[in-house]
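Pasting model.pdb here (PDB, C-alpha atoms):
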MODEL        1
ATOM      1  CA  MET C  18     116.536  99.981 122.761
ATOM      2  CA  ASP C  19     118.218 102.241 120.203
ATOM      3  CA  ILE C  20     116.966 105.828 120.404
ATOM      4  CA  TRP C  21     118.202 106.614 116.891
ATOM      5  CA  LYS C  22     115.763 104.065 115.455
ATOM      6  CA  ILE C  23     112.851 105.843 117.139
ATOM      7  CA  ILE C  24     114.058 109.216 115.861
ATOM      8  CA  VAL C  25     114.482 108.010 112.261
ATOM      9  CA  LEU C  26     111.096 106.261 112.237
ATOM     10  CA  PHE C  27     109.331 109.278 113.717
ATOM     11  CA  LEU C  28     111.010 111.876 111.498
ATOM     12  CA  GLY C  29     110.344 109.919 108.304
ATOM     13  CA  ALA C  30     106.591 109.873 108.852
ATOM     14  CA  PHE C  31     106.242 113.263 110.536
ATOM     15  CA  THR C  32     108.364 115.124 107.967
ATOM     16  CA  GLY C  33     106.498 113.475 105.102
ATOM     17  CA  GLY C  34     103.151 114.435 106.615
ATOM     18  CA  ILE C  35     104.050 118.009 107.501
ATOM     19  CA  SER C  36     105.443 118.626 104.003
ATOM     20  CA  VAL C  37     101.862 118.654 102.731
ATOM     21  CA  PHE C  38     101.686 122.268 103.946
ATOM     22  CA  PHE C  39     104.642 123.289 101.769
ATOM     23  CA  PHE C  40     103.917 121.571  98.441
ATOM     24  CA  LYS C  41     100.968 122.578  96.327
ATOM     25  CA  GLY C  42      99.445 121.151  93.188
ATOM     26  CA  ASP C  43      98.423 117.696  92.067
ATOM     27  CA  ASN C  44     101.484 116.833  89.985
ATOM     28  CA  HIS C  45     103.838 115.266  92.546
ATOM     29  CA  LYS C  46     106.563 113.935  90.257
ATOM     30  CA  THR C  47     109.154 114.016  93.033
ATOM     31  CA  LEU C  48     106.816 112.054  95.306
ATOM     32  CA  LYS C  49     106.451 109.357  92.643
ATOM     33  CA  LEU C  50     110.231 109.037  92.370
ATOM     34  CA  VAL C  51     110.509 108.726  96.159
ATOM     35  CA  LEU C  52     107.812 106.044  95.967
ATOM     36  CA  SER C  53     109.697 104.106  93.304
ATOM     37  CA  PHE C  54     112.977 104.353  95.216
ATOM     38  CA  SER C  55     111.419 103.321  98.546
ATOM     39  CA  GLY C  56     109.467 100.477  96.924
ATOM     40  CA  ALA C  57     112.607  99.088  95.300
ATOM     41  CA  PHE C  58     114.633  99.446  98.498
ATOM     42  CA  LEU C  59     111.861  97.805 100.521
ATOM     43  CA  PHE C  60     111.634  94.920  98.068
ATOM     44  CA  GLY C  61     115.423  94.536  98.085
ATOM     45  CA  ILE C  62     115.807  94.336 101.873
ATOM     46  CA  THR C  63     112.790  92.003 102.103
ATOM     47  CA  VAL C  64     114.302  89.479  99.691
ATOM     48  CA  LEU C  65     117.934  89.831 100.792
ATOM     49  CA  HIS C  66     117.558  90.379 104.519
ATOM     50  CA  LEU C  67     114.115  89.802 106.029
ATOM     51  CA  ILE C  68     113.140  86.502 104.403
ATOM     52  CA  PRO C  69     116.431  84.722 105.286
ATOM     53  CA  ASP C  70     116.178  86.068 108.868
ATOM     54  CA  ALA C  71     112.591  84.842 109.226
ATOM     55  CA  TYR C  72     113.571  81.304 108.180
ATOM     56  CA  HIS C  73     116.682  81.269 110.328
ATOM     57  CA  GLY C  74     114.859  79.541 113.176
ATOM     58  CA  ASN C  75     113.704  76.651 110.949
ATOM     59  CA  ASP C  76     110.030  77.411 111.620
ATOM     60  CA  ASN C  77     108.015  75.592 108.957
ATOM     61  CA  TYR C  78     105.054  77.936 109.471
ATOM     62  CA  VAL C  79     106.859  81.171 108.483
ATOM     63  CA  GLY C  80     105.573  80.855 104.911
ATOM     64  CA  VAL C  81     102.015  80.610 106.207
ATOM     65  CA  PHE C  82     102.445  83.871 108.101
ATOM     66  CA  ILE C  83     103.946  85.551 105.022
ATOM     67  CA  LEU C  84     100.725  84.685 103.193
ATOM     68  CA  ILE C  85      98.695  85.963 106.160
ATOM     69  CA  GLY C  86     100.588  89.260 106.070
ATOM     70  CA  PHE C  87     100.049  89.578 102.324
ATOM     71  CA  LEU C  88      96.302  88.939 102.647
ATOM     72  CA  PHE C  89      96.045  91.162 105.736
ATOM     73  CA  GLN C  90      97.505  94.049 103.737
ATOM     74  CA  ILE C  91      94.811  93.526 101.097
ATOM     75  CA  VAL C  92      92.188  93.796 103.854
ATOM     76  CA  LEU C  93      93.803  96.937 105.284
ATOM     77  CA  GLU C  94      93.745  98.556 101.861
ATOM     78  CA  GLN C  95      89.975  98.259 101.770
ATOM     79  CA  LEU C  96      90.040 100.834 104.566
ATOM     80  CA  SER C  97      93.123 102.838 103.619
ATOM     81  CA  GLU C  98      92.334 103.121  99.888
ATOM     82  CA  GLY C  99      95.982 102.470  99.033
ATOM     83  CA  ILE C 100      97.520 105.374 100.938
ATOM     84  CA  GLU C 101     100.395 103.069 101.934
ATOM     85  CA  HIS C 102     101.499 103.365  98.307
ATOM     86  CA  GLY C 103     101.174 107.131  98.267
ATOM     87  CA  HIS C 104      97.835 107.031  96.442
ATOM     88  CA  ILE C 105      95.691 110.081  97.067
ATOM     89  CA  HIS C 106      91.923 109.853  96.638
ATOM     90  CA  LYS C 107      90.232 113.184  97.096
ATOM     91  CA  PRO C 108      86.537 113.243  98.058
ATOM     92  CA  GLY C 109      83.923 114.392  95.623
ATOM     93  CA  PRO C 110      81.847 117.536  96.161
ATOM     94  CA  GLU C 111      79.863 117.540  99.417
ATOM     95  CA  HIS C 112      81.326 114.203 100.503
ATOM     96  CA  PHE C 113      83.661 115.484 103.175
ATOM     97  CA  SER C 114      84.097 113.308 106.268
ATOM     98  CA  PHE C 115      86.810 112.256 108.665
ATOM     99  CA  PRO C 116      88.774 109.370 107.052
ATOM    100  CA  LEU C 117      88.678 107.132 110.140
ATOM    101  CA  GLY C 118      89.198 103.884 108.221
ATOM    102  CA  ILE C 119      92.282 105.285 106.504
ATOM    103  CA  LEU C 120      93.799 106.497 109.780
ATOM    104  CA  VAL C 121      93.104 103.253 111.690
ATOM    105  CA  SER C 122      94.468 101.001 108.947
ATOM    106  CA  LEU C 123      97.607 103.124 108.555
ATOM    107  CA  CYS C 124      98.252 103.048 112.302
ATOM    108  CA  ILE C 125      97.857  99.251 112.468
ATOM    109  CA  HIS C 126     100.092  98.927 109.438
ATOM    110  CA  ALA C 127     102.845 101.129 110.938
ATOM    111  CA  PHE C 128     102.663  99.425 114.352
ATOM    112  CA  LEU C 129     103.188  95.986 112.790
ATOM    113  CA  GLU C 130     106.095  97.282 110.708
ATOM    114  CA  GLY C 131     107.882  98.505 113.826
ATOM    115  CA  MET C 132     107.674  95.190 115.665
ATOM    116  CA  PRO C 133     110.554  93.265 114.002
ATOM    117  CA  LEU C 134     113.039  96.065 114.720
ATOM    118  CA  ALA C 135     113.773  94.836 118.248
ATOM    119  CA  GLU C 136     115.384  91.596 117.102
ATOM    120  CA  GLY C 137     118.912  91.562 115.713
ATOM    121  CA  ASN C 138     120.554  94.076 113.374
ATOM    122  CA  GLN C 139     117.661  95.691 111.520
ATOM    123  CA  ASN C 140     119.266  98.950 110.375
ATOM    124  CA  GLN C 141     118.213  98.483 106.744
ATOM    125  CA  LEU C 142     114.644  97.820 107.823
ATOM    126  CA  VAL C 143     114.568 101.031 109.877
ATOM    127  CA  PHE C 144     115.486 103.141 106.863
ATOM    128  CA  GLY C 145     113.163 101.148 104.611
ATOM    129  CA  ILE C 146     110.185 101.825 106.882
ATOM    130  CA  ALA C 147     111.116 105.495 107.281
ATOM    131  CA  LEU C 148     111.379 105.973 103.498
ATOM    132  CA  HIS C 149     108.118 104.156 102.901
ATOM    133  CA  HIS C 150     106.299 106.312 105.467
ATOM    134  CA  ILE C 151     107.299 109.608 103.831
ATOM    135  CA  PRO C 152     104.856 109.339 100.876
ATOM    136  CA  ALA C 153     102.284 107.510 103.018
ATOM    137  CA  ALA C 154     102.218 110.356 105.564
ATOM    138  CA  PHE C 155     102.130 112.946 102.766
ATOM    139  CA  ALA C 156      99.100 111.183 101.278
ATOM    140  CA  LEU C 157      97.454 111.031 104.719
ATOM    141  CA  GLY C 158      97.972 114.764 105.233
ATOM    142  CA  THR C 159      96.546 115.489 101.779
ATOM    143  CA  VAL C 160      93.440 113.398 102.452
ATOM    144  CA  LEU C 161      92.891 115.044 105.850
ATOM    145  CA  LEU C 162      93.103 118.539 104.361
ATOM    146  CA  ALA C 163      90.913 117.520 101.414
ATOM    147  CA  ASN C 164      88.281 116.398 103.930
ATOM    148  CA  ARG C 165      88.388 119.877 105.503
ATOM    149  CA  GLN C 166      90.188 118.962 108.700
ATOM    150  CA  THR C 167      91.793 121.933 110.422
ATOM    151  CA  LYS C 168      95.546 122.436 110.305
ATOM    152  CA  GLY C 169      95.799 121.610 114.019
ATOM    153  CA  LYS C 170      93.836 118.354 113.658
ATOM    154  CA  THR C 171      95.835 117.384 110.571
ATOM    155  CA  ILE C 172      99.128 117.838 112.429
ATOM    156  CA  PHE C 173      97.765 115.866 115.399
ATOM    157  CA  PHE C 174      96.763 112.867 113.271
ATOM    158  CA  ILE C 175     100.037 112.959 111.352
ATOM    159  CA  LEU C 176     101.780 112.935 114.744
ATOM    160  CA  LEU C 177      99.654 109.954 115.802
ATOM    161  CA  PHE C 178     100.663 108.051 112.671
ATOM    162  CA  ALA C 179     104.335 109.016 113.154
ATOM    163  CA  ILE C 180     104.529 107.456 116.631
ATOM    164  CA  MET C 181     102.974 104.112 115.646
ATOM    165  CA  ALA C 182     106.121 102.471 114.194
ATOM    166  CA  PRO C 183     108.208 103.547 117.237
ATOM    167  CA  ALA C 184     105.392 102.208 119.433
ATOM    168  CA  GLY C 185     105.562  98.852 117.623
ATOM    169  CA  TYR C 186     109.330  98.817 118.120
ATOM    170  CA  PHE C 187     108.949  99.603 121.832
ATOM    171  CA  PHE C 188     106.267  96.931 122.283
ATOM    172  CA  SER C 189     108.356  94.292 120.503
ATOM    173  CA  ASN C 190     111.445  95.306 122.477
ATOM    174  CA  GLU C 191     109.543  94.687 125.698
ATOM    175  CA  LEU C 192     108.462  91.296 124.374
ATOM    176  CA  SER C 193     112.054  90.399 123.575
ATOM    177  CA  ALA C 194     113.128  91.451 127.065
ATOM    178  CA  GLY C 195     110.326  89.437 128.637
ATOM    179  CA  GLY C 196     108.740  92.573 130.037
ATOM    180  CA  ILE C 197     105.313  91.936 128.512
ATOM    181  CA  GLY C 198     105.476  88.229 127.846
ATOM    182  CA  ASN C 199     107.861  85.550 126.704
ATOM    183  CA  LEU C 200     106.816  85.711 123.047
ATOM    184  CA  GLN C 201     110.178  86.257 121.374
ATOM    185  CA  LYS C 202     110.116  82.660 120.157
ATOM    186  CA  TYR C 203     107.408  83.790 117.720
ATOM    187  CA  TYR C 204     109.669  86.416 116.200
ATOM    188  CA  GLY C 205     109.945  84.544 112.866
ATOM    189  CA  ARG C 206     106.157  84.473 112.514
ATOM    190  CA  ILE C 207     105.815  88.162 113.370
ATOM    191  CA  MET C 208     108.492  88.870 110.790
ATOM    192  CA  GLY C 209     106.577  86.673 108.349
ATOM    193  CA  VAL C 210     103.497  88.894 108.658
ATOM    194  CA  VAL C 211     105.614  92.006 108.067
ATOM    195  CA  ILE C 212     107.326  90.346 105.083
ATOM    196  CA  GLY C 213     103.933  89.611 103.535
ATOM    197  CA  ILE C 214     102.915  93.243 104.041
ATOM    198  CA  PHE C 215     106.167  94.502 102.524
ATOM    199  CA  LEU C 216     105.935  92.184  99.520
ATOM    200  CA  HIS C 217     102.463  93.457  98.736
ATOM    201  CA  ILE C 218     103.347  97.128  99.252
ATOM    202  CA  SER C 219     106.678  97.121  97.434
ATOM    203  CA  THR C 220     105.426  95.287  94.343
ATOM    204  CA  THR C 221     102.321  97.464  94.172
ATOM    205  CA  ILE C 222     104.467 100.604  94.384
ATOM    206  CA  LEU C 223     106.776  99.380  91.629
ATOM    207  CA  PHE C 224     103.958  98.679  89.187
ATOM    208  CA  GLU C 225     101.451 101.388  90.093
ATOM    209  CA  SER C 226     103.609 104.460  90.758
ATOM    210  CA  SER C 227     103.401 105.461  87.089
ATOM    211  CA  SER C 228     100.646 105.541  84.479
ATOM    212  CA  ASP C 229     100.037 102.366  82.459
ATOM    213  CA  HIS C 230     102.600 100.566  84.669
ATOM    214  CA  LYS C 231     105.383 101.867  82.396
ATOM    215  CA  PHE C 232     108.941 102.312  83.638
ATOM    216  CA  THR C 233     110.247 105.697  82.524
ATOM    217  CA  VAL C 234     113.979 106.392  82.528
ATOM    218  CA  ARG C 235     113.694 108.391  85.774
ATOM    219  CA  LYS C 236     111.683 105.657  87.449
ATOM    220  CA  MET C 237     114.116 102.978  86.299
ATOM    221  CA  VAL C 238     117.019 104.964  87.736
ATOM    222  CA  ALA C 239     115.144 105.354  91.058
ATOM    223  CA  VAL C 240     114.369 101.606  91.144
ATOM    224  CA  LEU C 241     117.940 100.580  90.318
ATOM    225  CA  LEU C 242     119.263 103.001  92.928
ATOM    226  CA  GLY C 243     116.936 101.616  95.613
ATOM    227  CA  MET C 244     117.792  97.999  94.860
ATOM    228  CA  GLY C 245     121.468  98.868  94.433
ATOM    229  CA  ILE C 246     121.673 100.388  97.914
ATOM    230  CA  ALA C 247     119.903  97.366  99.422
ATOM    231  CA  LEU C 248     122.306  95.059  97.570
ATOM    232  CA  GLY C 249     125.332  97.109  98.613
ATOM    233  CA  ALA C 250     124.300  96.985 102.261
ATOM    234  CA  PHE C 251     123.777  93.221 101.946
ATOM    235  CA  PHE C 252     127.320  92.602 100.678
ATOM    236  CA  ALA C 253     128.740  95.009 103.274
ATOM    237  CA  GLU C 254     127.316  92.837 106.046
ATOM    238  CA  LEU C 255     128.790  89.574 104.716
TER
ENDMDL
END
Please go through the file and, once you have read it, give me the structure as structure tokens.
Amino acid sequence: MDIWKIIVLFLGAFTGGISVFFFKGDNHKTLKLVLSFSGAFLFGITVLHLIPDAYHGNDNYVGVFILIGFLFQIVLEQLSEGIEHGHIHKPGPEHFSFPLGILVSLCIHAFLEGMPLAEGNQNQLVFGIALHHIPAAFALGTVLLANRQTKGKTIFFILLFAIMAPAGYFFSNELSAGGIGNLQKYYGRIMGVVIGIFLHISTTILFESSSDHKFTVRKMVAVLLGMGIALGAFFAEL
């Protein structure tokens, strides 16, 4: 198990969540650029790296599990209200409550994303997940504060979210080592579910991180930069 992967995964989510205490206002232009960059990078590594890896074992059912992951993400978003994409939905007057559905769906989502990291060289995926979790954690922190959760409780739940991807990595690592069960032969199918999730998230980010789905010059630069880095890393590994 690589400790640096755990550190990067944790810091991405925790730093993104804690930053909610330092940025004020509703106009988060920088956050939208981070979203566009992370969405493009995530899409790039999914197409260039994850999909070929998933089919490497010649499992004819990988495509089925990609569809399952895609549909599962749609189901999760019924609970999370799109926070995975950095969307922030503030409650109306006198409708404050603890966003349990949002927290549970985000934790499941992050745990599943961490699972493929135990198999092979997944350095690009580590950074992709960490980048993606920055705006997601920021949105979670914003929703928690908007629902009148205390600062201490908000930090605790951000911390809970931040440890879920490392927990998924640890769990999958134990599977690969045979410590929990000899399930590593299903790695391609697990990856398929994560690929489906990433395809849904990345494409949604790319088309919904700006008004009217328009690509401004700044957004286009962020998208090209994200895909360019993914492409550069791909050729570097050849």
Identify, on the basis of all atoms listed in the file, every residue whose closest approach to Phe115 of chain C does not exceed 12 Å; exclude the query and any residue fewer than 3 positions from it along the same chain; express the result as a PyMOL selection string. chain C and resi 108+112+118-121+157-158+160-167+170-171+174
To test your reading of the syntax: which residues would the PyMOL selection byres ((chain C and resi 58) around 9) return for the file shown? Reply as a ChimeraX atom specification. /C:53-57,59-63,145,148,219,240-248
Go ahead and save the picked residues with C-alpha atoms, as a JSON list (two decimals), keeping the file's coordinate frame.
[["chain", "number", "residue", "atom", "x", "y", "z"],
["C", 53, "SER", "CA", 109.70, 104.11, 93.30],
["C", 54, "PHE", "CA", 112.98, 104.35, 95.22],
["C", 55, "SER", "CA", 111.42, 103.32, 98.55],
["C", 56, "GLY", "CA", 109.47, 100.48, 96.92],
["C", 57, "ALA", "CA", 112.61, 99.09, 95.30],
["C", 59, "LEU", "CA", 111.86, 97.80, 100.52],
["C", 60, "PHE", "CA", 111.63, 94.92, 98.07],
["C", 61, "GLY", "CA", 115.42, 94.54, 98.08],
["C", 62, "ILE", "CA", 115.81, 94.34, 101.87],
["C", 63, "THR", "CA", 112.79, 92.00, 102.10],
["C", 145, "GLY", "CA", 113.16, 101.15, 104.61],
["C", 148, "LEU", "CA", 111.38, 105.97, 103.50],
["C", 219, "SER", "CA", 106.68, 97.12, 97.43],
["C", 240, "VAL", "CA", 114.37, 101.61, 91.14],
["C", 241, "LEU", "CA", 117.94, 100.58, 90.32],
["C", 242, "LEU", "CA", 119.26, 103.00, 92.93],
["C", 243, "GLY", "CA", 116.94, 101.62, 95.61],
["C", 244, "MET", "CA", 117.79, 98.00, 94.86],
["C", 245, "GLY", "CA", 121.47, 98.87, 94.43],
["C", 246, "ILE", "CA", 121.67, 100.39, 97.91],
["C", 247, "ALA", "CA", 119.90, 97.37, 99.42],
["C", 248, "LEU", "CA", 122.31, 95.06, 97.57]]
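For the choices C:Phe251, C:Val211, C:Tyr204, C:Met237, the atom-to-atom distance to Asn75 of chain C is smallest for C:Tyr204 when using only C-alpha atoms.
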Which residues fall under the PyMOL selection byres ((chain C and resi 81-86) around 7) in this file, as a PyMOL selection string? chain C and resi 78-80+87-90+206+209-214
So which residues touch Asn140 of chain C within 10 Å, counting all atoms listed in the file, skipping near sequence neighbours fewer than 4 positions away, as an MDAnalysis selection string? chainID C and resid 22 134 144:145 250
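Proximity ranking of C:His217, C:Lys168, C:Lys231, C:His150 relative to Leu28 of chain C places C:His150 first, based on all atoms listed in the file.
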Can you tell me, as a PyMOL selection string, what residues are no more than 10 Å from Ile125 of chain C when counting only C-alpha atoms, ignoring any on the same chain fewer than 6 positions away? chain C and resi 93+178+181-182+185
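Between atom CA of Ile222 of chain C and atom CA of Lys49 of chain C the interatomic distance comes to 9.1 Å.
Interatomic distance, atom CA of Leu223 of chain C to atom CA of Ile100 of chain C: 14.4 Å.
Taking atom CA of Tyr203 of chain C and atom CA of His126 of chain C as the two end points, the separation is 18.7 Å.
Closest approach to Gln95 of chain C among C:Ser122, C:Gly34, C:Leu65, C:Val143: C:Ser122, based on only C-alpha atoms.
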Output, as AutoDock Vina command-line options, the centre and edge lengths in Å (one decimal) of the axis-aligned box that contains all listed atoms of segment 113-130 of chain C with 5 Å of margin on each side.
--center_x 94.9 --center_y 105.7 --center_z 108.8 --size_x 32.4 --size_y 29.5 --size_z 21.2
Name the residues captured by the PyMOL selection byres ((chain C and resi 151) around 6) when it is applied to the shown file; answer as an NGL selection string. :C and (29-30 or 33 or 148-150 or 152-154)
Restricting it to C-alpha atoms, dump the selection as a tab-separated table (two decimals), keeping the file's coordinate frame.
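Result file is out.tsv:
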chain	number	residue	atom	x	y	z
C	29	GLY	CA	110.34	109.92	108.30
C	30	ALA	CA	106.59	109.87	108.85
C	33	GLY	CA	106.50	113.48	105.10
C	148	LEU	CA	111.38	105.97	103.50
C	149	HIS	CA	108.12	104.16	102.90
C	150	HIS	CA	106.30	106.31	105.47
C	152	PRO	CA	104.86	109.34	100.88
C	153	ALA	CA	102.28	107.51	103.02
C	154	ALA	CA	102.22	110.36	105.56
Taking all atoms listed in the file into account, which of C:Gly131, C:Leu142, C:Gly169, C:Gly205 comes nearest Tyr186 of chain C? C:Gly131
Using all atoms listed in the file, what residues lie at most 8 Å away from (107.9, 97.4, 116.0) (file coordinates), given as an NGL selection string? :C and (128-135 or 182-190)
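Take the candidates C:Ile91, C:Ala147, C:Leu50, C:Cys124 and check each one against Trp21 of chain C using only C-alpha atoms; the shortest distance goes to C:Ala147.
Proximity to Asp19 of chain C was assessed for C:Ser97, C:Thr233, C:Gln139, C:Thr220 counting only C-alpha atoms; the smallest distance is recorded for C:Gln139.
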Restrict the output to segment 71-167 of chain C and C-alpha atoms, then write it as a PDB file, in the first residue's frame.
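After the write, part.pdb holds the following:
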ATOM      1  CA  ALA C  71     -10.705  -2.645 -17.502  1.00  0.00           C
ATOM      2  CA  TYR C  72     -10.829  -4.600 -20.779  1.00  0.00           C
ATOM      3  CA  HIS C  73      -7.319  -5.950 -20.390  1.00  0.00           C
ATOM      4  CA  GLY C  74      -8.586  -9.172 -18.832  1.00  0.00           C
ATOM      5  CA  ASN C  75     -10.905  -9.922 -21.781  1.00  0.00           C
ATOM      6  CA  ASP C  76     -13.993  -9.891 -19.549  1.00  0.00           C
ATOM      7  CA  ASN C  77     -17.014  -9.572 -21.836  1.00  0.00           C
ATOM      8  CA  TYR C  78     -19.146  -8.224 -18.978  1.00  0.00           C
ATOM      9  CA  VAL C  79     -17.053  -5.086 -18.292  1.00  0.00           C
ATOM     10  CA  GLY C  80     -19.332  -3.017 -20.537  1.00  0.00           C
ATOM     11  CA  VAL C  81     -22.347  -4.151 -18.532  1.00  0.00           C
ATOM     12  CA  PHE C  82     -20.722  -2.922 -15.330  1.00  0.00           C
ATOM     13  CA  ILE C  83     -19.832   0.407 -16.967  1.00  0.00           C
ATOM     14  CA  LEU C  84     -23.546   0.864 -17.655  1.00  0.00           C
ATOM     15  CA  ILE C  85     -24.339  -0.176 -14.070  1.00  0.00           C
ATOM     16  CA  GLY C  86     -21.897   2.422 -12.747  1.00  0.00           C
ATOM     17  CA  PHE C  87     -23.391   5.105 -14.982  1.00  0.00           C
ATOM     18  CA  LEU C  88     -26.941   4.307 -13.837  1.00  0.00           C
ATOM     19  CA  PHE C  89     -25.842   3.950 -10.203  1.00  0.00           C
ATOM     20  CA  GLN C  90     -24.430   7.479 -10.319  1.00  0.00           C
ATOM     21  CA  ILE C  91     -27.806   8.742 -11.546  1.00  0.00           C
ATOM     22  CA  VAL C  92     -29.427   7.063  -8.527  1.00  0.00           C
ATOM     23  CA  LEU C  93     -26.849   8.539  -6.140  1.00  0.00           C
ATOM     24  CA  GLU C  94     -27.527  12.004  -7.508  1.00  0.00           C
ATOM     25  CA  GLN C  95     -31.144  11.735  -6.433  1.00  0.00           C
ATOM     26  CA  LEU C  96     -29.752  11.844  -2.897  1.00  0.00           C
ATOM     27  CA  SER C  97     -26.711  14.062  -3.397  1.00  0.00           C
ATOM     28  CA  GLU C  98     -28.441  16.702  -5.554  1.00  0.00           C
ATOM     29  CA  GLY C  99     -25.406  16.873  -7.840  1.00  0.00           C
ATOM     30  CA  ILE C 100     -22.817  17.856  -5.240  1.00  0.00           C
ATOM     31  CA  GLU C 101     -20.331  15.545  -6.987  1.00  0.00           C
ATOM     32  CA  HIS C 102     -20.260  18.178  -9.728  1.00  0.00           C
ATOM     33  CA  GLY C 103     -19.780  21.035  -7.300  1.00  0.00           C
ATOM     34  CA  HIS C 104     -23.441  22.065  -7.467  1.00  0.00           C
ATOM     35  CA  ILE C 105     -24.628  23.895  -4.379  1.00  0.00           C
ATOM     36  CA  HIS C 106     -28.323  23.900  -3.498  1.00  0.00           C
ATOM     37  CA  LYS C 107     -29.074  26.064  -0.512  1.00  0.00           C
ATOM     38  CA  PRO C 108     -32.248  25.374   1.496  1.00  0.00           C
ATOM     39  CA  GLY C 109     -35.139  27.765   1.425  1.00  0.00           C
ATOM     40  CA  PRO C 110     -36.267  29.725   4.485  1.00  0.00           C
ATOM     41  CA  GLU C 111     -37.204  27.537   7.464  1.00  0.00           C
ATOM     42  CA  HIS C 112     -36.233  24.348   5.635  1.00  0.00           C
ATOM     43  CA  PHE C 113     -33.023  23.626   7.481  1.00  0.00           C
ATOM     44  CA  SER C 114     -32.201  19.968   8.140  1.00  0.00           C
ATOM     45  CA  PHE C 115     -29.208  17.678   8.210  1.00  0.00           C
ATOM     46  CA  PRO C 116     -28.433  16.615   4.597  1.00  0.00           C
ATOM     47  CA  LEU C 117     -28.124  12.898   5.400  1.00  0.00           C
ATOM     48  CA  GLY C 118     -28.864  11.722   1.854  1.00  0.00           C
ATOM     49  CA  ILE C 119     -26.167  13.991   0.440  1.00  0.00           C
ATOM     50  CA  LEU C 120     -23.567  12.798   2.953  1.00  0.00           C
ATOM     51  CA  VAL C 121     -24.363   9.079   2.517  1.00  0.00           C
ATOM     52  CA  SER C 122     -24.336   9.218  -1.283  1.00  0.00           C
ATOM     53  CA  LEU C 123     -21.061  11.164  -1.339  1.00  0.00           C
ATOM     54  CA  CYS C 124     -19.415   8.666   1.010  1.00  0.00           C
ATOM     55  CA  ILE C 125     -20.539   5.683  -1.097  1.00  0.00           C
ATOM     56  CA  HIS C 126     -19.371   7.489  -4.204  1.00  0.00           C
ATOM     57  CA  ALA C 127     -15.907   8.242  -2.751  1.00  0.00           C
ATOM     58  CA  PHE C 128     -15.473   4.712  -1.358  1.00  0.00           C
ATOM     59  CA  LEU C 129     -16.148   3.158  -4.774  1.00  0.00           C
ATOM     60  CA  GLU C 130     -13.741   5.582  -6.446  1.00  0.00           C
ATOM     61  CA  GLY C 131     -10.931   4.509  -4.131  1.00  0.00           C
ATOM     62  CA  MET C 132     -11.306   0.796  -4.833  1.00  0.00           C
ATOM     63  CA  PRO C 133      -9.486   0.516  -8.205  1.00  0.00           C
ATOM     64  CA  LEU C 134      -6.367   2.226  -6.835  1.00  0.00           C
ATOM     65  CA  ALA C 135      -4.944  -0.996  -5.387  1.00  0.00           C
ATOM     66  CA  GLU C 136      -4.444  -2.642  -8.771  1.00  0.00           C
ATOM     67  CA  GLY C 137      -1.541  -1.658 -11.003  1.00  0.00           C
ATOM     68  CA  ASN C 138      -0.134   1.818 -11.653  1.00  0.00           C
ATOM     69  CA  GLN C 139      -3.024   4.171 -10.930  1.00  0.00           C
ATOM     70  CA  ASN C 140      -1.157   7.425 -10.269  1.00  0.00           C
ATOM     71  CA  GLN C 141      -3.266   9.426 -12.730  1.00  0.00           C
ATOM     72  CA  LEU C 142      -6.442   8.119 -11.134  1.00  0.00           C
ATOM     73  CA  VAL C 143      -5.256   9.191  -7.672  1.00  0.00           C
ATOM     74  CA  PHE C 144      -4.802  12.785  -8.792  1.00  0.00           C
ATOM     75  CA  GLY C 145      -8.032  12.696 -10.792  1.00  0.00           C
ATOM     76  CA  ILE C 146     -10.035  11.633  -7.736  1.00  0.00           C
ATOM     77  CA  ALA C 147      -8.277  14.165  -5.501  1.00  0.00           C
ATOM     78  CA  LEU C 148      -8.997  17.014  -7.943  1.00  0.00           C
ATOM     79  CA  HIS C 149     -12.601  15.945  -8.346  1.00  0.00           C
ATOM     80  CA  HIS C 150     -13.124  15.836  -4.570  1.00  0.00           C
ATOM     81  CA  ILE C 151     -11.955  19.423  -4.017  1.00  0.00           C
ATOM     82  CA  PRO C 152     -15.132  21.091  -5.394  1.00  0.00           C
ATOM     83  CA  ALA C 153     -17.321  18.235  -4.129  1.00  0.00           C
ATOM     84  CA  ALA C 154     -16.064  18.709  -0.554  1.00  0.00           C
ATOM     85  CA  PHE C 155     -16.389  22.495  -0.871  1.00  0.00           C
ATOM     86  CA  ALA C 156     -20.017  22.058  -1.944  1.00  0.00           C
ATOM     87  CA  LEU C 157     -20.618  19.640   0.947  1.00  0.00           C
ATOM     88  CA  GLY C 158     -19.201  22.132   3.447  1.00  0.00           C
ATOM     89  CA  THR C 159     -21.357  24.905   1.982  1.00  0.00           C
ATOM     90  CA  VAL C 160     -24.515  22.800   2.244  1.00  0.00           C
ATOM     91  CA  LEU C 161     -23.723  21.796   5.838  1.00  0.00           C
ATOM     92  CA  LEU C 162     -23.207  25.415   6.895  1.00  0.00           C
ATOM     93  CA  ALA C 163     -26.303  26.520   4.968  1.00  0.00           C
ATOM     94  CA  ASN C 164     -28.293  23.949   6.955  1.00  0.00           C
ATOM     95  CA  ARG C 165     -27.015  25.543  10.182  1.00  0.00           C
ATOM     96  CA  GLN C 166     -24.621  22.806  11.219  1.00  0.00           C
ATOM     97  CA  THR C 167     -22.007  23.961  13.708  1.00  0.00           C
TER      98      THR C 167
END
